[in-house]
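Asks: Next comes the structure file final.cif, holding mmCIF, C-alpha atoms and all ligand atoms.
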data_final
#
loop_
_atom_site.label_atom_id
_atom_site.label_comp_id
_atom_site.auth_asym_id
_atom_site.auth_seq_id
_atom_site.Cartn_x
_atom_site.Cartn_y
_atom_site.Cartn_z
CA MET A 32 0.00 0.00 0.00
CA PRO A 33 1.60 3.34 -1.02
CA HIS A 34 0.08 5.19 1.96
CA ASP A 35 -1.29 4.25 5.36
CA PHE A 36 -4.27 6.44 6.26
CA SER A 37 -5.69 4.16 8.94
CA ASN A 38 -7.25 6.14 11.79
CA LYS A 39 -7.59 9.21 9.60
CA THR A 40 -10.93 10.85 8.90
CA ALA A 41 -11.40 12.48 5.50
CA VAL A 42 -14.13 14.70 4.08
CA VAL A 43 -14.40 14.79 0.29
CA THR A 44 -16.76 17.43 -1.07
CA GLY A 45 -18.50 16.34 -4.28
CA GLY A 46 -17.52 12.72 -3.69
CA SER A 47 -20.50 11.16 -5.46
CA ARG A 48 -19.02 11.31 -8.96
CA GLY A 49 -15.90 11.90 -11.01
CA ILE A 50 -12.63 12.90 -9.39
CA GLY A 51 -14.16 13.16 -5.90
CA ARG A 52 -15.45 9.61 -6.09
CA ALA A 53 -12.00 8.33 -7.10
CA ILE A 54 -10.39 10.27 -4.25
CA ALA A 55 -12.91 8.93 -1.71
CA LYS A 56 -12.39 5.34 -2.85
CA GLN A 57 -8.62 5.64 -2.83
CA LEU A 58 -8.47 7.19 0.66
CA ALA A 59 -10.73 4.41 1.95
CA ALA A 60 -8.53 1.80 0.27
CA TYR A 61 -5.60 3.28 2.20
CA GLY A 62 -7.53 2.89 5.45
CA ALA A 63 -9.23 6.26 6.01
CA ARG A 64 -12.78 6.75 7.25
CA VAL A 65 -14.44 8.81 4.54
CA CYS A 66 -17.32 11.27 4.52
CA ILE A 67 -18.68 11.57 0.99
CA ASN A 68 -20.47 14.82 0.40
CA TYR A 69 -22.92 15.35 -2.44
CA ARG A 70 -25.48 17.94 -3.42
CA ALA A 71 -28.08 16.05 -5.47
CA SER A 72 -26.80 12.56 -6.41
CA GLN A 73 -27.92 10.66 -3.32
CA GLU A 74 -28.07 7.32 -5.10
CA LEU A 75 -24.55 7.66 -6.52
CA ALA A 76 -23.17 8.79 -3.15
CA GLU A 77 -24.78 5.80 -1.43
CA GLN A 78 -23.30 3.54 -4.09
CA VAL A 79 -19.80 4.85 -3.28
CA VAL A 80 -20.48 4.25 0.43
CA ALA A 81 -21.64 0.69 -0.34
CA GLU A 82 -18.55 -0.03 -2.45
CA ILE A 83 -16.26 1.25 0.30
CA SER A 84 -18.14 -0.69 3.00
CA GLN A 85 -17.99 -3.88 0.94
CA ALA A 86 -14.22 -3.42 0.73
CA GLY A 87 -14.14 -3.33 4.54
CA ALA A 88 -13.68 0.40 5.22
CA GLN A 89 -15.96 2.96 6.86
CA ALA A 90 -17.81 5.63 4.92
CA ILE A 91 -20.86 7.85 5.21
CA ALA A 92 -22.70 10.05 2.72
CA VAL A 93 -23.78 13.55 3.75
CA GLN A 94 -25.96 15.77 1.59
CA ALA A 95 -24.95 19.43 1.70
CA ASP A 96 -24.68 22.26 -0.80
CA VAL A 97 -21.24 23.54 0.16
CA SER A 98 -21.84 26.87 -1.56
CA ASP A 99 -24.01 27.62 1.47
CA GLN A 100 -22.04 28.33 4.64
CA THR A 101 -24.57 26.82 7.05
CA GLN A 102 -24.68 23.59 5.04
CA ALA A 103 -20.88 23.44 4.81
CA GLN A 104 -20.68 23.81 8.60
CA ARG A 105 -23.29 21.07 9.05
CA LEU A 106 -21.31 18.78 6.73
CA ILE A 107 -18.15 19.12 8.82
CA ALA A 108 -20.11 18.76 12.08
CA GLU A 109 -21.79 15.55 10.86
CA ALA A 110 -18.47 14.09 9.70
CA GLN A 111 -16.90 14.87 13.08
CA GLN A 112 -19.83 13.43 14.96
CA GLN A 113 -19.98 10.18 13.02
CA LEU A 114 -16.33 9.58 12.10
CA GLY A 115 -14.25 11.61 14.56
CA PRO A 116 -12.10 14.75 14.16
CA VAL A 117 -11.42 15.61 10.55
CA ASP A 118 -7.78 15.03 9.53
CA PHE A 119 -8.17 15.51 5.77
CA LEU A 120 -10.38 17.95 3.87
CA ILE A 121 -10.51 17.65 0.10
CA ASN A 122 -12.29 20.62 -1.42
CA ASN A 123 -13.29 18.96 -4.66
CA ALA A 124 -16.86 20.06 -5.50
CA GLY A 125 -16.85 22.41 -8.46
CA ILE A 126 -18.75 23.47 -11.58
CA PHE A 127 -17.42 24.26 -15.02
CA ASP A 128 -18.83 26.04 -18.07
CA VAL A 129 -17.66 26.73 -21.58
CA VAL A 130 -19.27 30.05 -22.55
CA ALA A 131 -18.18 32.91 -24.79
CA HIS A 132 -17.71 36.33 -23.16
CA ASP A 133 -20.80 37.73 -24.88
CA GLU A 134 -22.97 34.85 -23.72
CA PHE A 135 -22.40 34.72 -20.03
CA ASP A 136 -24.10 36.83 -17.42
CA GLU A 137 -23.81 37.69 -13.76
CA GLN A 138 -25.82 34.63 -12.76
CA LEU A 139 -23.22 32.26 -14.17
CA TRP A 140 -20.44 34.34 -12.61
CA GLN A 141 -22.08 34.26 -9.16
CA ARG A 142 -22.95 30.56 -9.34
CA THR A 143 -19.37 29.68 -10.25
CA MET A 144 -17.80 31.87 -7.59
CA LYS A 145 -20.28 30.71 -4.95
CA LEU A 146 -19.30 27.05 -5.29
CA ASN A 147 -15.73 27.09 -6.63
CA VAL A 148 -14.46 29.85 -4.33
CA ASP A 149 -16.91 30.45 -1.46
CA GLY A 150 -17.50 26.70 -1.05
CA VAL A 151 -13.77 26.11 -0.57
CA PHE A 152 -13.63 28.92 1.97
CA TYR A 153 -16.74 27.74 3.89
CA CYS A 154 -15.56 24.13 4.25
CA THR A 155 -12.03 25.17 5.14
CA TRP A 156 -13.22 27.66 7.74
CA ALA A 157 -15.56 25.07 9.22
CA VAL A 158 -12.63 22.73 9.90
CA LYS A 159 -9.40 24.69 10.22
CA ASP A 160 -9.70 25.87 13.84
CA ALA A 161 -10.16 22.30 15.07
CA MET A 162 -7.15 21.24 12.98
CA VAL A 163 -5.05 24.06 14.48
CA GLU A 164 -6.19 23.10 17.98
CA ARG A 165 -5.15 19.47 17.40
CA GLY A 166 -1.90 20.49 15.71
CA TYR A 167 -2.67 18.37 12.68
CA GLY A 168 -4.54 18.76 9.42
CA ARG A 169 -4.17 18.32 5.67
CA ILE A 170 -6.24 20.23 3.13
CA VAL A 171 -6.12 19.68 -0.63
CA ASN A 172 -8.06 21.97 -2.95
CA LEU A 173 -9.05 21.11 -6.51
CA ALA A 174 -7.82 23.93 -8.72
CA SER A 175 -7.38 23.46 -12.47
CA ILE A 176 -4.93 24.34 -15.21
CA ALA A 177 -7.66 26.87 -16.08
CA GLY A 178 -6.48 28.81 -13.03
CA LEU A 179 -2.92 28.95 -14.38
CA GLU A 180 -3.43 30.07 -17.97
CA ALA A 181 -5.90 32.04 -20.09
CA LYS A 182 -9.25 30.39 -20.83
CA PRO A 183 -11.19 32.79 -23.08
CA TYR A 184 -14.23 30.46 -23.16
CA SER A 185 -14.32 29.78 -19.42
CA ILE A 186 -13.69 33.19 -17.91
CA ALA A 187 -15.67 32.67 -14.70
CA TYR A 188 -14.29 29.16 -14.16
CA ALA A 189 -10.69 30.22 -14.83
CA THR A 190 -11.05 33.17 -12.45
CA SER A 191 -12.51 30.94 -9.73
CA LYS A 192 -9.67 28.44 -10.05
CA ALA A 193 -7.04 31.21 -9.99
CA ALA A 194 -8.66 32.26 -6.71
CA VAL A 195 -8.24 28.71 -5.40
CA VAL A 196 -4.54 28.85 -6.30
CA GLY A 197 -4.16 32.16 -4.43
CA PHE A 198 -6.16 30.95 -1.43
CA THR A 199 -4.00 27.82 -1.24
CA ARG A 200 -0.75 29.79 -1.46
CA SER A 201 -1.64 32.27 1.29
CA LEU A 202 -3.47 29.89 3.62
CA GLY A 203 -0.68 27.36 3.14
CA GLN A 204 1.81 29.84 4.59
CA ALA A 205 -0.56 30.92 7.37
CA LEU A 206 -1.26 27.41 8.66
CA ALA A 207 2.06 25.63 8.06
CA PRO A 208 3.44 26.62 11.50
CA GLU A 209 0.40 24.87 13.04
CA ASN A 210 1.14 21.61 11.17
CA VAL A 211 -1.92 22.16 9.01
CA ARG A 212 -0.71 21.75 5.43
CA VAL A 213 -2.69 23.23 2.55
CA ASN A 214 -1.94 22.42 -1.08
CA ALA A 215 -3.83 22.21 -4.36
CA VAL A 216 -3.87 20.07 -7.46
CA ALA A 217 -4.44 21.48 -10.93
CA PRO A 218 -5.71 18.80 -13.28
CA GLY A 219 -5.82 19.15 -17.04
CA LEU A 220 -8.46 17.31 -19.03
CA ILE A 221 -9.80 14.43 -16.90
CA ASP A 222 -12.43 11.90 -17.95
CA THR A 223 -15.52 12.82 -15.90
CA GLU A 224 -19.08 14.02 -16.47
CA ILE A 225 -17.89 17.62 -16.22
CA LEU A 226 -16.66 17.16 -19.82
CA HIS A 227 -19.94 15.81 -21.15
CA GLY A 228 -21.20 19.22 -22.20
CA VAL A 229 -18.00 20.03 -24.05
CA ASP A 230 -18.10 20.03 -27.88
CA PRO A 231 -16.36 16.82 -29.10
CA ALA A 232 -14.39 18.81 -31.70
CA LEU A 233 -13.05 21.04 -28.93
CA LEU A 234 -12.15 17.97 -26.86
CA GLU A 235 -10.16 16.56 -29.80
CA LYS A 236 -8.33 19.87 -30.11
CA LEU A 237 -7.52 19.86 -26.40
CA ILE A 238 -6.18 16.31 -26.60
CA GLU A 239 -4.00 17.40 -29.51
CA LEU A 240 -2.63 20.22 -27.33
CA THR A 241 -1.75 17.70 -24.60
CA PRO A 242 1.79 16.31 -25.00
CA ALA A 243 0.64 12.96 -23.53
CA LYS A 244 -2.06 12.88 -26.29
CA ARG A 245 -4.84 11.64 -24.06
CA ILE A 246 -7.38 12.59 -21.42
CA GLY A 247 -6.32 11.89 -17.83
CA GLN A 248 -7.99 9.34 -15.57
CA VAL A 249 -9.59 10.20 -12.23
CA GLU A 250 -7.23 7.82 -10.40
CA GLU A 251 -4.26 9.85 -11.67
CA VAL A 252 -5.61 12.90 -9.83
CA ALA A 253 -6.40 10.83 -6.74
CA ASN A 254 -2.79 9.58 -6.68
CA LEU A 255 -1.52 13.14 -6.40
CA VAL A 256 -4.10 14.05 -3.76
CA SER A 257 -3.09 11.05 -1.65
CA PHE A 258 0.56 12.03 -1.95
CA LEU A 259 -0.22 15.58 -0.78
CA LEU A 260 -2.18 14.21 2.19
CA SER A 261 0.62 11.85 3.16
CA ASP A 262 3.69 12.49 5.31
CA GLU A 263 5.83 11.95 2.22
CA SER A 264 4.93 15.47 1.09
CA ASP A 265 5.56 17.09 4.49
CA PHE A 266 7.82 19.81 3.05
CA ILE A 267 5.31 20.81 0.36
CA VAL A 268 3.30 23.83 1.52
CA GLY A 269 0.91 26.15 -0.30
CA GLN A 270 1.71 24.66 -3.70
CA THR A 271 -0.48 23.93 -6.69
CA MET A 272 0.74 20.78 -8.42
CA VAL A 273 -0.18 20.18 -12.04
CA VAL A 274 -1.45 16.83 -13.34
CA SER A 275 -2.12 17.53 -17.02
CA GLY A 276 -0.12 15.23 -19.29
CA GLY A 277 2.31 18.09 -19.85
CA ARG A 278 -0.23 20.63 -21.09
CA VAL A 279 0.85 23.30 -18.65
CA ASN A 280 4.40 23.75 -17.44
CA LEU A 281 4.97 26.07 -14.53
CA PRO A 282 8.14 28.16 -14.78
P1 LIG A 301 -18.14 16.24 -11.72
O1 LIG A 301 -17.92 14.92 -12.34
O2 LIG A 301 -19.07 17.20 -12.38
O3 LIG A 301 -18.59 16.02 -10.20
C1 LIG A 301 -18.86 17.15 -9.42
C2 LIG A 301 -19.12 16.73 -8.01
O4 LIG A 301 -19.37 17.92 -7.25
C3 LIG A 301 -20.34 15.85 -7.86
O5 LIG A 301 -20.09 14.91 -6.85
C4 LIG A 301 -21.43 16.82 -7.43
O6 LIG A 301 -22.43 16.25 -6.62
C5 LIG A 301 -20.62 17.78 -6.59
N1 LIG A 301 -21.27 19.08 -6.43
C6 LIG A 301 -21.70 19.92 -7.40
N2 LIG A 301 -22.23 21.03 -6.85
C7 LIG A 301 -22.13 20.87 -5.50
C8 LIG A 301 -22.50 21.65 -4.38
N3 LIG A 301 -23.07 22.85 -4.54
N4 LIG A 301 -22.26 21.17 -3.14
C9 LIG A 301 -21.69 19.96 -2.96
N5 LIG A 301 -21.30 19.16 -3.98
C10 LIG A 301 -21.53 19.62 -5.23
O7 LIG A 301 -16.74 17.04 -11.55
P2 LIG A 301 -15.23 16.51 -11.72
O8 LIG A 301 -14.88 16.54 -13.16
O9 LIG A 301 -15.05 15.28 -10.95
O10 LIG A 301 -14.45 17.73 -11.04
C11 LIG A 301 -14.11 17.73 -9.68
C12 LIG A 301 -13.23 18.94 -9.41
O11 LIG A 301 -12.06 18.88 -10.23
C13 LIG A 301 -13.91 20.27 -9.70
O12 LIG A 301 -13.52 21.23 -8.75
C14 LIG A 301 -13.36 20.63 -11.07
O13 LIG A 301 -13.38 22.01 -11.32
C15 LIG A 301 -11.94 20.08 -10.96
N6 LIG A 301 -11.34 19.81 -12.28
C16 LIG A 301 -11.90 18.90 -13.14
C17 LIG A 301 -11.29 18.68 -14.38
C18 LIG A 301 -11.83 17.69 -15.38
O14 LIG A 301 -11.35 17.68 -16.53
N7 LIG A 301 -12.78 16.84 -15.02
C19 LIG A 301 -10.15 19.40 -14.74
C20 LIG A 301 -9.63 20.32 -13.83
C21 LIG A 301 -10.22 20.52 -12.61
P3 LIG A 301 -23.90 15.98 -7.20
O15 LIG A 301 -23.74 14.86 -8.17
O16 LIG A 301 -24.71 15.56 -6.02
O17 LIG A 301 -24.35 17.25 -7.85
#
So, in terms of structure tokens, how does the structure I just supplied come out?
Replies:
Amino acid sequence: MPHDFSNKTAVVTGGSRGIGRAIAKQLAAYGARVCINYRASQELAEQVVAEISQAGAQAIAVQADVSDQTQAQRLIAEAQQQLGPVDFLINNAGIFDVVAHDEFDEQLWQRTMKLNVDGVFYCTWAVKDAMVERGYGRIVNLASIAGLEAKPYSIAYATSKAAVVGFTRSLGQALAPENVRVNAVAPGLIDTEILHGVDPALLEKLIELTPAKRIGQVEEVANLVSFLLSDESDFIVGQTMVVSGGRVNLP
């Protein structure tokens, strides 16, 4: 087993599908107790819980819209109550849109910021004081390569993910002395439902722009998240690590 997360409690926001589901399953496979958050997909979330339970680990599903502060606080409280103090928070829930500048309005902007930025803040703030008090915590935020380069057809999304990168950088420095490590991952194109609305011709073009010439798999993101949660990455603080098949290279 690459990592031993036994006796750790993890909360994965948006764990019912896609990358979050892969993260939840991997953390459970490494021994963690996992709280799978979802907004609407109750059946899928319960399926993930069942799969984890069948494999012999402990998991619960908690419905909460994390773009609402009260619900984010309730999510963390329920995880703590049922699974114990939260060691790992993975801020994964996010929405994505491909829209031209003359087609998007304030509603899309607000919806994107509310989940992709405020949701990360609400969940983090609901858990960080307890982590500081215990002198232990690991937080990994899902950014995106969209937060690191220009995305003229995803302006709101790219802005929200750039905010996640900035939040991670500053909070990472603030909490490192307390042994609460905050980092982010920035995936490129990953095979999940979030891509279903994307024009197939555009997808082909994006694959062509990827040196690895393929779409990434959810497990490849989960591998990086697990590494950032583990003690093996103890000297990595406030960083955003790219998993994109070479599409974006940081200087
Ligand atoms: P996805 O397949 O669309 O899944 C999104 C997850 O977020 C679902 O579990 C969904 O739950 C949950 N969710 C949505 N709104 C929520 C809310 N208000 N409160 C709580 N949960 C909510 O997405 P994904 O592709 O796995 O992406 C996961 C993260 O990775 C996102 O932050 C995304 O921006 C980032 N990312 C993805 C890619 C990619 O290519 N896939 C690339 C870069 C970054 P319900 O089913 O219940 O709605």
Asks: Which is closest to Gly197 (chain A) among A:Ser257, A:Gln248, A:Gln270, A:Thr241, if we use only C-alpha atoms?
Replies: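 For Gly197 (chain A), the nearest of the given residues is A:Gln270.
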Asks: Env of Thr223 (chain A): 8 Å cut, atoms = only C-alpha atoms, seq-sep filter 6 positions within chain, self excluded. Answer as a PyMOL selection string.
Replies: chain A and resi 48-50+249
Asks: With all atoms listed in the file as the atoms that count, which of A:Ala60, A:Ala217, A:Met144, A:Ala253 lies nearest to ligand LIG 301 (chain A)?
Replies: A:Ala217
Asks: Let me have all residues with an atom within 6 Å of ligand LIG 301 (chain A), counting only C-alpha atoms and all ligand atoms, laid out as a VMD selection string.
Replies: chain A and resid 44 to 51 69 to 72 95 to 98 123 to 127 146 173 to 175 218 to 225
Asks: To one decimal in Å, tell me the separation between CA of Ala207 (chain A) and CA of Trp156 (chain A).
Replies: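 It comes out at 15.4 Å.
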Asks: Using CA of Pro282 (chain A) and CA of Gly178 (chain A) as the two end points, give the distance in Å to one decimal.
Replies: 14.7 Å
Asks: Near region 187-190 of chain A, within 8 Å and counting only C-alpha atoms, which residues show up once chain neighbours fewer than 3 positions away are dropped, as a PDB file with C-alpha atoms, keeping the file's coordinate frame?
Replies:
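This went into result10.pdb:
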ATOM      1  CA  ILE A 126     -18.750  23.470 -11.580  1.00  0.00           C
ATOM      2  CA  PHE A 127     -17.420  24.260 -15.020  1.00  0.00           C
ATOM      3  CA  ASP A 128     -18.830  26.040 -18.070  1.00  0.00           C
ATOM      4  CA  LEU A 139     -23.220  32.260 -14.170  1.00  0.00           C
ATOM      5  CA  TRP A 140     -20.440  34.340 -12.610  1.00  0.00           C
ATOM      6  CA  THR A 143     -19.370  29.680 -10.250  1.00  0.00           C
ATOM      7  CA  MET A 144     -17.800  31.870  -7.590  1.00  0.00           C
ATOM      8  CA  ASN A 147     -15.730  27.090  -6.630  1.00  0.00           C
ATOM      9  CA  SER A 175      -7.380  23.460 -12.470  1.00  0.00           C
ATOM     10  CA  ALA A 177      -7.660  26.870 -16.080  1.00  0.00           C
ATOM     11  CA  GLY A 178      -6.480  28.810 -13.030  1.00  0.00           C
ATOM     12  CA  LEU A 179      -2.920  28.950 -14.380  1.00  0.00           C
ATOM     13  CA  GLU A 180      -3.430  30.070 -17.970  1.00  0.00           C
ATOM     14  CA  ALA A 181      -5.900  32.040 -20.090  1.00  0.00           C
ATOM     15  CA  LYS A 182      -9.250  30.390 -20.830  1.00  0.00           C
ATOM     16  CA  ALA A 193      -7.040  31.210  -9.990  1.00  0.00           C
ATOM     17  CA  ALA A 194      -8.660  32.260  -6.710  1.00  0.00           C
TER      18      ALA A 194
END
Asks: Which of these residues is nearest to Ile107 (chain A), using only C-alpha atoms: A:Thr40, A:Gln73, A:Gln57, A:Thr199?
Replies: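 Residue with the minimum atom-to-atom distance to Ile107 (chain A): A:Thr40.
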Asks: If you measure from CA of Tyr153 (chain A) to CA of Leu255 (chain A), what distance in Å do you get, rounded to one decimal?
Replies: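 Taking CA of Tyr153 (chain A) as the start and CA of Leu255 (chain A) as the end point, the length is 23.5 Å.
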Asks: Could you tell me which of A:Val213, A:Gly269, A:Pro183, A:Pro242 comes closest to Asp133 (chain A) if we count only C-alpha atoms?
Replies: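 That would be A:Pro183, the residue with the smallest distance to Asp133 (chain A).
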Asks: Show me, as a compact mmCIF listing (two decimals) with C-alpha atoms, keeping the file's coordinate frame, the residues that have an atom within 7 Å of Val148 (chain A) when counting only C-alpha atoms, minus same-chain residues fewer than 3 positions from it.
Replies:
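Below you can see part.txt, which holds the result:
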# COMPACT_ATOMS: atom_id res chain seq x y z
CA MET A 144 -17.80 31.87 -7.59
CA LYS A 145 -20.28 30.71 -4.95
CA VAL A 151 -13.77 26.11 -0.57
CA PHE A 152 -13.63 28.92 1.97
CA SER A 191 -12.51 30.94 -9.73
CA ALA A 194 -8.66 32.26 -6.71
CA VAL A 195 -8.24 28.71 -5.40
Asks: Restricting the calculation to all atoms listed in the file, which member of A:Val130, A:Val42, A:Ala53, A:Leu58 is positioned closest to Val93 (chain A)?
Replies: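 Residue with the minimum atom-to-atom distance to Val93 (chain A): A:Val42.
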Asks: Please determine, counting only C-alpha atoms, which residue among A:Phe36, A:Phe135, A:Tyr184, A:Tyr61 has the shortest atom-to-atom distance to Asp262 (chain A).
Replies: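 Of A:Phe36, A:Phe135, A:Tyr184, A:Tyr61, the one nearest Asp262 (chain A) is A:Phe36, counting only C-alpha atoms.
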Asks: Please list, as a list of chain:residue names, the residues that have an atom at most 10 Å away from (-0.8, 20.8, -21.1) in the coordinates of this file, counting all atoms listed in the file.
Replies: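 Applying the cut-off with all atoms listed in the file, one gets A:Ile176, A:Pro218, A:Gly219, A:Leu220, A:Leu237, A:Ile238, A:Glu239, A:Leu240, A:Thr241, A:Pro242, A:Ala243, A:Lys244, A:Val273, A:Val274, A:Ser275, A:Gly276, A:Gly277, A:Arg278, A:Val279, A:Asn280.
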Asks: Print the selection's residues with C-alpha atoms to a file, as an mmCIF file, in the coordinates of the input.
Replies:
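To be explicit, this is the file written out as selection13.cif:
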data_model
loop_
_atom_site.group_PDB
_atom_site.id
_atom_site.type_symbol
_atom_site.label_atom_id
_atom_site.label_comp_id
_atom_site.auth_asym_id
_atom_site.auth_seq_id
_atom_site.Cartn_x
_atom_site.Cartn_y
_atom_site.Cartn_z
ATOM 1 C CA ILE A 176 -4.930 24.340 -15.210
ATOM 2 C CA PRO A 218 -5.710 18.800 -13.280
ATOM 3 C CA GLY A 219 -5.820 19.150 -17.040
ATOM 4 C CA LEU A 220 -8.460 17.310 -19.030
ATOM 5 C CA LEU A 237 -7.520 19.860 -26.400
ATOM 6 C CA ILE A 238 -6.180 16.310 -26.600
ATOM 7 C CA GLU A 239 -4.000 17.400 -29.510
ATOM 8 C CA LEU A 240 -2.630 20.220 -27.330
ATOM 9 C CA THR A 241 -1.750 17.700 -24.600
ATOM 10 C CA PRO A 242 1.790 16.310 -25.000
ATOM 11 C CA ALA A 243 0.640 12.960 -23.530
ATOM 12 C CA LYS A 244 -2.060 12.880 -26.290
ATOM 13 C CA VAL A 273 -0.180 20.180 -12.040
ATOM 14 C CA VAL A 274 -1.450 16.830 -13.340
ATOM 15 C CA SER A 275 -2.120 17.530 -17.020
ATOM 16 C CA GLY A 276 -0.120 15.230 -19.290
ATOM 17 C CA GLY A 277 2.310 18.090 -19.850
ATOM 18 C CA ARG A 278 -0.230 20.630 -21.090
ATOM 19 C CA VAL A 279 0.850 23.300 -18.650
ATOM 20 C CA ASN A 280 4.400 23.750 -17.440
#
Asks: Could you pull the residues within 7 Å of Asn172 (chain A), counting only C-alpha atoms, minus those fewer than 2 positions along the same chain, as number ranges by chain?
Replies: A: 121-123, 170, 174, 214-216
Asks: Box time for region 179-185 of chain A: axis-aligned, enclosing all its listed atoms, 6 Å extra on each side; report centre and edge lengths in Å to one decimal, as AutoDock Vina command-line options.
Replies:
--center_x -8.6 --center_y 30.9 --center_z -18.8 --size_x 23.4 --size_y 15.8 --size_z 20.8
Asks: Step by step: start from the point (-17.3, 19.2, 11.8) in the file's coordinates, keep every protein, DNA or RNA residue that has an atom no farther than 10 Å from it, count all atoms listed in the file, and write the set as number ranges by chain.
Replies: A: 42, 103-117, 154, 157-159, 161
